[in-house]
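Pasting model-v3.cif here (mmCIF, N, CA, C and O atoms):
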data_run
loop_
_atom_site.label_atom_id
_atom_site.label_comp_id
_atom_site.auth_asym_id
_atom_site.auth_seq_id
_atom_site.Cartn_x
_atom_site.Cartn_y
_atom_site.Cartn_z
N MET A 1342 -50.27 -23.96 -47.01
CA MET A 1342 -51.72 -23.90 -47.03
C MET A 1342 -52.21 -22.50 -47.39
O MET A 1342 -53.23 -22.37 -48.03
N HIS A 1343 -51.48 -21.50 -47.02
CA HIS A 1343 -51.90 -20.13 -47.32
C HIS A 1343 -52.07 -19.91 -48.82
O HIS A 1343 -52.99 -19.25 -49.25
N HIS A 1344 -51.18 -20.49 -49.62
CA HIS A 1344 -51.29 -20.32 -51.07
C HIS A 1344 -52.49 -21.05 -51.65
O HIS A 1344 -53.05 -20.62 -52.65
N THR A 1345 -52.92 -22.12 -51.00
CA THR A 1345 -54.11 -22.83 -51.44
C THR A 1345 -55.32 -21.90 -51.36
O THR A 1345 -56.14 -21.86 -52.26
N ILE A 1346 -55.40 -21.14 -50.29
CA ILE A 1346 -56.51 -20.20 -50.13
C ILE A 1346 -56.47 -19.17 -51.25
O ILE A 1346 -57.49 -18.85 -51.84
N SER A 1347 -55.29 -18.67 -51.60
CA SER A 1347 -55.17 -17.70 -52.68
C SER A 1347 -55.60 -18.29 -54.01
O SER A 1347 -56.16 -17.59 -54.84
N ILE A 1348 -55.36 -19.56 -54.24
CA ILE A 1348 -55.76 -20.19 -55.50
C ILE A 1348 -57.29 -20.18 -55.62
O ILE A 1348 -57.82 -19.85 -56.67
N TYR A 1349 -57.98 -20.54 -54.56
CA TYR A 1349 -59.44 -20.52 -54.60
C TYR A 1349 -59.97 -19.10 -54.73
O TYR A 1349 -60.96 -18.86 -55.44
N GLU A 1350 -59.32 -18.18 -54.07
CA GLU A 1350 -59.69 -16.77 -54.18
C GLU A 1350 -59.47 -16.28 -55.61
O GLU A 1350 -60.29 -15.57 -56.17
N ALA A 1351 -58.37 -16.71 -56.21
CA ALA A 1351 -58.07 -16.34 -57.59
C ALA A 1351 -59.12 -16.90 -58.54
O ALA A 1351 -59.58 -16.20 -59.45
N ILE A 1352 -59.52 -18.14 -58.34
CA ILE A 1352 -60.55 -18.74 -59.20
C ILE A 1352 -61.85 -17.95 -59.09
O ILE A 1352 -62.50 -17.66 -60.10
N MET A 1353 -62.22 -17.57 -57.86
CA MET A 1353 -63.43 -16.78 -57.66
C MET A 1353 -63.33 -15.46 -58.42
O MET A 1353 -64.26 -15.08 -59.14
N LEU A 1354 -62.20 -14.78 -58.29
CA LEU A 1354 -62.03 -13.49 -58.95
C LEU A 1354 -61.99 -13.61 -60.47
O LEU A 1354 -62.50 -12.75 -61.19
N ILE A 1355 -61.40 -14.67 -60.96
CA ILE A 1355 -61.37 -14.90 -62.41
C ILE A 1355 -62.80 -15.14 -62.92
O ILE A 1355 -63.20 -14.60 -63.96
N CYS A 1356 -63.57 -15.92 -62.19
CA CYS A 1356 -64.97 -16.16 -62.60
C CYS A 1356 -65.79 -14.88 -62.57
O CYS A 1356 -66.54 -14.58 -63.50
N PHE A 1357 -65.65 -14.10 -61.48
CA PHE A 1357 -66.35 -12.81 -61.42
C PHE A 1357 -65.86 -11.90 -62.53
O PHE A 1357 -66.64 -11.23 -63.20
N GLY A 1358 -64.54 -11.87 -62.71
CA GLY A 1358 -63.93 -11.00 -63.71
C GLY A 1358 -64.34 -11.31 -65.13
O GLY A 1358 -64.35 -10.43 -65.99
N ALA A 1359 -64.70 -12.55 -65.40
CA ALA A 1359 -65.12 -12.93 -66.75
C ALA A 1359 -66.42 -12.26 -67.14
O ALA A 1359 -66.70 -12.04 -68.33
N SER A 1360 -67.23 -11.89 -66.16
CA SER A 1360 -68.53 -11.28 -66.47
C SER A 1360 -68.43 -9.78 -66.74
O SER A 1360 -69.28 -9.22 -67.43
N TRP A 1361 -67.41 -9.12 -66.21
CA TRP A 1361 -67.34 -7.66 -66.36
C TRP A 1361 -67.13 -7.20 -67.80
O TRP A 1361 -67.76 -6.23 -68.23
N PRO A 1362 -66.30 -7.87 -68.61
CA PRO A 1362 -66.20 -7.42 -70.01
C PRO A 1362 -67.54 -7.50 -70.74
O PRO A 1362 -67.85 -6.64 -71.56
N MET A 1363 -68.35 -8.50 -70.40
CA MET A 1363 -69.67 -8.60 -71.02
C MET A 1363 -70.57 -7.45 -70.58
O MET A 1363 -71.30 -6.88 -71.40
N ALA A 1364 -70.51 -7.10 -69.31
CA ALA A 1364 -71.31 -5.98 -68.80
C ALA A 1364 -70.86 -4.66 -69.44
O ALA A 1364 -71.69 -3.83 -69.83
N ILE A 1365 -69.55 -4.49 -69.57
CA ILE A 1365 -69.02 -3.28 -70.20
C ILE A 1365 -69.45 -3.21 -71.66
O ILE A 1365 -69.88 -2.17 -72.16
N HIS A 1366 -69.35 -4.33 -72.35
CA HIS A 1366 -69.76 -4.38 -73.76
C HIS A 1366 -71.23 -4.01 -73.91
O HIS A 1366 -71.59 -3.24 -74.81
N LYS A 1367 -72.07 -4.53 -73.03
CA LYS A 1367 -73.50 -4.21 -73.09
C LYS A 1367 -73.73 -2.72 -72.88
O LYS A 1367 -74.51 -2.10 -73.59
N THR A 1368 -73.04 -2.15 -71.91
CA THR A 1368 -73.19 -0.71 -71.64
C THR A 1368 -72.73 0.11 -72.83
O THR A 1368 -73.41 1.06 -73.24
N LEU A 1369 -71.58 -0.23 -73.39
CA LEU A 1369 -71.03 0.55 -74.50
C LEU A 1369 -71.86 0.41 -75.78
O LEU A 1369 -72.06 1.39 -76.49
N THR A 1370 -72.33 -0.79 -76.07
CA THR A 1370 -73.08 -0.98 -77.31
C THR A 1370 -74.50 -0.44 -77.22
O THR A 1370 -75.03 0.07 -78.20
N SER A 1371 -75.11 -0.53 -76.04
CA SER A 1371 -76.48 -0.03 -75.89
C SER A 1371 -76.49 1.48 -75.64
O SER A 1371 -77.51 2.13 -75.85
N LYS A 1372 -75.35 2.00 -75.18
CA LYS A 1372 -75.24 3.43 -74.81
C LYS A 1372 -76.39 3.83 -73.88
O LYS A 1372 -76.97 4.89 -74.00
N SER A 1373 -76.67 2.90 -72.93
CA SER A 1373 -77.79 3.10 -72.03
C SER A 1373 -77.41 2.65 -70.63
O SER A 1373 -76.56 1.78 -70.46
N HIS A 1374 -78.08 3.24 -69.65
CA HIS A 1374 -77.89 2.82 -68.27
C HIS A 1374 -79.04 1.93 -67.81
O HIS A 1374 -79.08 1.53 -66.65
N ALA A 1375 -79.94 1.60 -68.71
CA ALA A 1375 -81.09 0.77 -68.36
C ALA A 1375 -80.64 -0.58 -67.80
O ALA A 1375 -79.75 -1.23 -68.34
N GLY A 1376 -81.24 -0.97 -66.71
CA GLY A 1376 -80.94 -2.26 -66.11
C GLY A 1376 -79.67 -2.28 -65.28
O GLY A 1376 -79.29 -3.33 -64.79
N LYS A 1377 -79.03 -1.14 -65.13
CA LYS A 1377 -77.79 -1.07 -64.36
C LYS A 1377 -78.05 -0.40 -63.03
O LYS A 1377 -78.72 0.62 -62.96
N SER A 1378 -77.50 -0.96 -61.97
CA SER A 1378 -77.65 -0.40 -60.64
C SER A 1378 -76.32 0.17 -60.18
O SER A 1378 -75.34 -0.58 -60.01
N CYS A 1379 -76.29 1.47 -59.96
CA CYS A 1379 -75.07 2.10 -59.46
C CYS A 1379 -74.77 1.63 -58.04
O CYS A 1379 -73.59 1.42 -57.70
N THR A 1380 -75.80 1.41 -57.25
CA THR A 1380 -75.59 0.93 -55.87
C THR A 1380 -74.90 -0.42 -55.89
O THR A 1380 -73.95 -0.65 -55.14
N PHE A 1381 -75.36 -1.32 -56.74
CA PHE A 1381 -74.75 -2.64 -56.88
C PHE A 1381 -73.28 -2.51 -57.26
O PHE A 1381 -72.41 -3.13 -56.65
N SER A 1382 -73.00 -1.69 -58.26
CA SER A 1382 -71.62 -1.52 -58.73
C SER A 1382 -70.73 -0.93 -57.64
O SER A 1382 -69.58 -1.37 -57.46
N VAL A 1383 -71.24 0.05 -56.89
CA VAL A 1383 -70.45 0.66 -55.82
C VAL A 1383 -70.17 -0.38 -54.73
O VAL A 1383 -69.04 -0.44 -54.20
N LEU A 1384 -71.15 -1.19 -54.38
CA LEU A 1384 -70.94 -2.22 -53.37
C LEU A 1384 -69.89 -3.24 -53.82
O LEU A 1384 -69.02 -3.65 -53.03
N ILE A 1385 -69.94 -3.64 -55.08
CA ILE A 1385 -68.95 -4.56 -55.62
C ILE A 1385 -67.57 -3.91 -55.58
O ILE A 1385 -66.58 -4.53 -55.19
N LEU A 1386 -67.50 -2.65 -55.97
CA LEU A 1386 -66.24 -1.91 -55.97
C LEU A 1386 -65.66 -1.82 -54.55
O LEU A 1386 -64.46 -2.03 -54.35
N ILE A 1387 -66.51 -1.55 -53.57
CA ILE A 1387 -66.05 -1.50 -52.17
C ILE A 1387 -65.48 -2.87 -51.76
O ILE A 1387 -64.44 -2.95 -51.10
N GLY A 1388 -66.14 -3.93 -52.16
CA GLY A 1388 -65.65 -5.27 -51.85
C GLY A 1388 -64.30 -5.53 -52.47
O GLY A 1388 -63.40 -6.10 -51.81
N TYR A 1389 -64.11 -5.14 -53.72
CA TYR A 1389 -62.82 -5.33 -54.37
C TYR A 1389 -61.73 -4.50 -53.70
O TYR A 1389 -60.61 -4.96 -53.51
N VAL A 1390 -62.04 -3.27 -53.33
CA VAL A 1390 -61.06 -2.41 -52.64
C VAL A 1390 -60.70 -3.03 -51.29
O VAL A 1390 -59.53 -3.05 -50.91
N ALA A 1391 -61.69 -3.57 -50.58
CA ALA A 1391 -61.41 -4.23 -49.31
C ALA A 1391 -60.50 -5.43 -49.52
O ALA A 1391 -59.56 -5.66 -48.73
N GLY A 1392 -60.74 -6.20 -50.57
CA GLY A 1392 -59.88 -7.33 -50.88
C GLY A 1392 -58.45 -6.88 -51.19
O GLY A 1392 -57.48 -7.52 -50.75
N MET A 1393 -58.32 -5.79 -51.95
CA MET A 1393 -56.98 -5.27 -52.26
C MET A 1393 -56.27 -4.81 -50.99
O MET A 1393 -55.07 -5.07 -50.82
N LEU A 1394 -56.99 -4.12 -50.11
CA LEU A 1394 -56.38 -3.65 -48.86
C LEU A 1394 -55.92 -4.84 -48.01
O LEU A 1394 -54.83 -4.81 -47.44
N HIS A 1395 -56.74 -5.87 -47.94
CA HIS A 1395 -56.35 -7.06 -47.18
C HIS A 1395 -55.07 -7.66 -47.76
O HIS A 1395 -54.14 -8.00 -47.02
N LYS A 1396 -55.03 -7.79 -49.07
CA LYS A 1396 -53.84 -8.37 -49.71
C LYS A 1396 -52.62 -7.50 -49.45
O LYS A 1396 -51.54 -7.99 -49.15
N TYR A 1397 -52.78 -6.20 -49.59
CA TYR A 1397 -51.66 -5.27 -49.42
C TYR A 1397 -51.13 -5.29 -47.98
O TYR A 1397 -49.93 -5.31 -47.76
N ILE A 1398 -52.05 -5.33 -47.02
CA ILE A 1398 -51.65 -5.24 -45.61
C ILE A 1398 -51.19 -6.58 -45.05
O ILE A 1398 -50.19 -6.65 -44.33
N PHE A 1399 -51.89 -7.67 -45.39
CA PHE A 1399 -51.66 -8.94 -44.71
C PHE A 1399 -50.97 -10.01 -45.55
O PHE A 1399 -50.20 -10.80 -45.01
N SER A 1400 -51.28 -10.10 -46.81
CA SER A 1400 -50.75 -11.24 -47.58
C SER A 1400 -50.64 -10.90 -49.07
O SER A 1400 -51.32 -11.48 -49.90
N MET A 1401 -49.76 -9.98 -49.38
CA MET A 1401 -49.60 -9.54 -50.77
C MET A 1401 -49.18 -10.72 -51.65
O MET A 1401 -48.19 -11.41 -51.36
N ASP A 1402 -49.98 -10.97 -52.67
CA ASP A 1402 -49.64 -11.98 -53.66
C ASP A 1402 -50.31 -11.61 -54.98
O ASP A 1402 -50.88 -10.51 -55.11
N PHE A 1403 -50.26 -12.49 -55.96
CA PHE A 1403 -50.78 -12.20 -57.30
C PHE A 1403 -52.27 -11.91 -57.31
O PHE A 1403 -52.78 -11.26 -58.23
N VAL A 1404 -53.00 -12.34 -56.31
CA VAL A 1404 -54.44 -12.14 -56.27
C VAL A 1404 -54.78 -10.65 -56.15
O VAL A 1404 -55.82 -10.20 -56.63
N PHE A 1405 -53.88 -9.87 -55.55
CA PHE A 1405 -54.06 -8.42 -55.49
C PHE A 1405 -54.37 -7.86 -56.87
O PHE A 1405 -55.25 -7.02 -57.03
N TRP A 1406 -53.63 -8.33 -57.87
CA TRP A 1406 -53.78 -7.81 -59.24
C TRP A 1406 -55.11 -8.22 -59.85
O TRP A 1406 -55.68 -7.49 -60.66
N LEU A 1407 -55.63 -9.38 -59.46
CA LEU A 1407 -56.96 -9.78 -59.93
C LEU A 1407 -58.03 -8.86 -59.35
O LEU A 1407 -58.95 -8.46 -60.05
N TYR A 1408 -57.89 -8.54 -58.07
CA TYR A 1408 -58.80 -7.57 -57.46
C TYR A 1408 -58.73 -6.24 -58.19
O TYR A 1408 -59.76 -5.62 -58.48
N LEU A 1409 -57.51 -5.80 -58.47
CA LEU A 1409 -57.33 -4.51 -59.14
C LEU A 1409 -57.96 -4.51 -60.53
O LEU A 1409 -58.67 -3.57 -60.90
N ILE A 1410 -57.72 -5.54 -61.31
CA ILE A 1410 -58.29 -5.63 -62.66
C ILE A 1410 -59.81 -5.60 -62.59
O ILE A 1410 -60.47 -4.87 -63.34
N ASN A 1411 -60.39 -6.38 -61.68
CA ASN A 1411 -61.84 -6.40 -61.52
C ASN A 1411 -62.36 -5.03 -61.11
O ASN A 1411 -63.37 -4.54 -61.63
N ALA A 1412 -61.67 -4.39 -60.15
CA ALA A 1412 -62.09 -3.07 -59.69
C ALA A 1412 -62.04 -2.05 -60.83
O ALA A 1412 -62.95 -1.22 -60.95
N LEU A 1413 -61.03 -2.13 -61.65
CA LEU A 1413 -60.94 -1.20 -62.79
C LEU A 1413 -62.08 -1.42 -63.78
O LEU A 1413 -62.64 -0.46 -64.31
N MET A 1414 -62.42 -2.68 -64.01
CA MET A 1414 -63.53 -2.95 -64.94
C MET A 1414 -64.85 -2.45 -64.37
O MET A 1414 -65.64 -1.84 -65.09
N VAL A 1415 -65.09 -2.69 -63.09
CA VAL A 1415 -66.32 -2.22 -62.46
C VAL A 1415 -66.35 -0.69 -62.48
O VAL A 1415 -67.38 -0.08 -62.79
N GLY A 1416 -65.22 -0.07 -62.17
CA GLY A 1416 -65.13 1.39 -62.19
C GLY A 1416 -65.40 1.96 -63.56
O GLY A 1416 -66.10 2.97 -63.70
N PHE A 1417 -64.88 1.31 -64.59
CA PHE A 1417 -65.12 1.77 -65.97
C PHE A 1417 -66.60 1.66 -66.32
O PHE A 1417 -67.20 2.59 -66.87
N ASP A 1418 -67.20 0.51 -66.01
CA ASP A 1418 -68.62 0.31 -66.30
C ASP A 1418 -69.46 1.33 -65.53
O ASP A 1418 -70.38 1.93 -66.11
N LEU A 1419 -69.14 1.56 -64.28
CA LEU A 1419 -69.87 2.53 -63.46
C LEU A 1419 -69.73 3.94 -64.05
O LEU A 1419 -70.71 4.68 -64.13
N THR A 1420 -68.55 4.28 -64.50
CA THR A 1420 -68.33 5.59 -65.13
C THR A 1420 -69.19 5.75 -66.38
O THR A 1420 -69.80 6.80 -66.60
N MET A 1421 -69.26 4.70 -67.19
CA MET A 1421 -70.07 4.76 -68.41
C MET A 1421 -71.55 4.88 -68.06
O MET A 1421 -72.28 5.67 -68.67
N VAL A 1422 -72.01 4.12 -67.08
CA VAL A 1422 -73.41 4.19 -66.66
C VAL A 1422 -73.75 5.59 -66.17
O VAL A 1422 -74.78 6.16 -66.56
N LEU A 1423 -72.89 6.17 -65.34
CA LEU A 1423 -73.14 7.52 -64.83
C LEU A 1423 -73.11 8.54 -65.97
O LEU A 1423 -73.92 9.48 -65.99
N SER A 1424 -72.24 8.34 -66.93
CA SER A 1424 -72.16 9.25 -68.08
C SER A 1424 -73.44 9.19 -68.91
O SER A 1424 -74.00 10.22 -69.28
N TYR A 1425 -73.92 7.98 -69.18
CA TYR A 1425 -75.16 7.83 -69.97
C TYR A 1425 -76.36 8.35 -69.18
O TYR A 1425 -77.27 8.94 -69.76
N ARG A 1426 -76.36 8.14 -67.88
CA ARG A 1426 -77.45 8.65 -67.04
C ARG A 1426 -77.47 10.18 -67.09
O ARG A 1426 -78.52 10.80 -67.25
N HIS A 1427 -76.30 10.80 -66.98
CA HIS A 1427 -76.19 12.26 -67.05
C HIS A 1427 -76.64 12.76 -68.43
O HIS A 1427 -77.39 13.74 -68.53
N ARG A 1428 -76.20 12.08 -69.47
CA ARG A 1428 -76.59 12.46 -70.84
C ARG A 1428 -78.11 12.43 -71.00
O ARG A 1428 -78.70 13.35 -71.57
N ASP A 1429 -78.73 11.37 -70.48
CA ASP A 1429 -80.18 11.25 -70.60
C ASP A 1429 -80.91 12.33 -69.81
O ASP A 1429 -81.93 12.86 -70.26
N LYS A 1430 -80.40 12.68 -68.63
CA LYS A 1430 -81.01 13.76 -67.85
C LYS A 1430 -80.89 15.08 -68.59
O LYS A 1430 -81.84 15.89 -68.58
N MET A 1431 -79.76 15.33 -69.20
CA MET A 1431 -79.56 16.59 -69.93
C MET A 1431 -80.47 16.64 -71.16
O MET A 1431 -81.02 17.69 -71.49
N ALA A 1432 -80.66 15.51 -71.82
CA ALA A 1432 -81.51 15.45 -73.01
C ALA A 1432 -82.97 15.73 -72.65
O ALA A 1432 -83.70 16.33 -73.44
N LYS A 1433 -83.39 15.31 -71.46
CA LYS A 1433 -84.77 15.55 -71.03
C LYS A 1433 -85.02 17.02 -70.74
O LYS A 1433 -86.15 17.48 -70.78
N ARG A 1434 -83.97 17.74 -70.42
CA ARG A 1434 -84.12 19.17 -70.13
C ARG A 1434 -84.45 19.98 -71.37
O ARG A 1434 -85.05 21.04 -71.29
N PHE A 1435 -84.03 19.48 -72.51
CA PHE A 1435 -84.23 20.26 -73.76
C PHE A 1435 -85.27 19.69 -74.63
O PHE A 1435 -85.79 18.86 -74.90
#
Take the structure I supplied and represent it as structure tokens, if you would.
Amino acid sequence: MHHTISIYEAIMLICFGASWPMAIHKTLTSKSHAGKSCTFSVLILIGYVAGMLHKYIFSMDFVFWLYLINALMVGFDLTMVLSYRHRDKMAKRF
């Protein structure tokens, strides 16, 4: 039964994970942070890290890697948003 729970967890992470490449693409192509919430991204990232810690400590299985992939995508998008936000602040100074 434990593996059944991981299957549903994996499906959830795959569904969530399918949206991150689209968010990253939007950020990269628009080169803008408009419409992006850093707070939202950090909260999602904390959730993924908590999921990874749970898997690592209590029930390591393939789902750990889904958490990691999602966390990396969110981290990349967050990095791009912060970079564009910094760029825009610097441009306003001059």
Residues selected by the PyMOL selection byres ((chain A and resi 1407-1416) around 7), written as a ChimeraX atom specification: /A:1351,1354-1355,1357-1358,1361-1362,1365,1382,1385-1386,1389-1390,1392-1393,1402-1406,1417-1422
Ground truth for the PyMOL selection byres ((chain A and resi 1372) around 8), written as a PyMOL selection string: chain A and resi 1365-1371+1373-1375+1421-1422+1424-1426+1429
Edge lengths and centre, in Å to one decimal, as lines of an AutoDock Vina configuration file: that's what I need for the box along x, y and z that holds all listed atoms of stretch 1346-1357 of chain A plus 6 Å on each side.
center_x = -60.9
center_y = -16.2
center_z = -57.0
size_x = 23.5
size_y = 21.9
size_z = 25.8
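Straight-line separation from atom CA of A:Lys1377 to atom CA of A:Ala1364: 9.3 Å.
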Atomic distance atom O of A:Tyr1397 - atom N of A:Met1363, expressed in Å with one decimal: 29.4 Å
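You will find atom C of A:Phe1399 at 12.9 Å from atom N of A:Ile1346.
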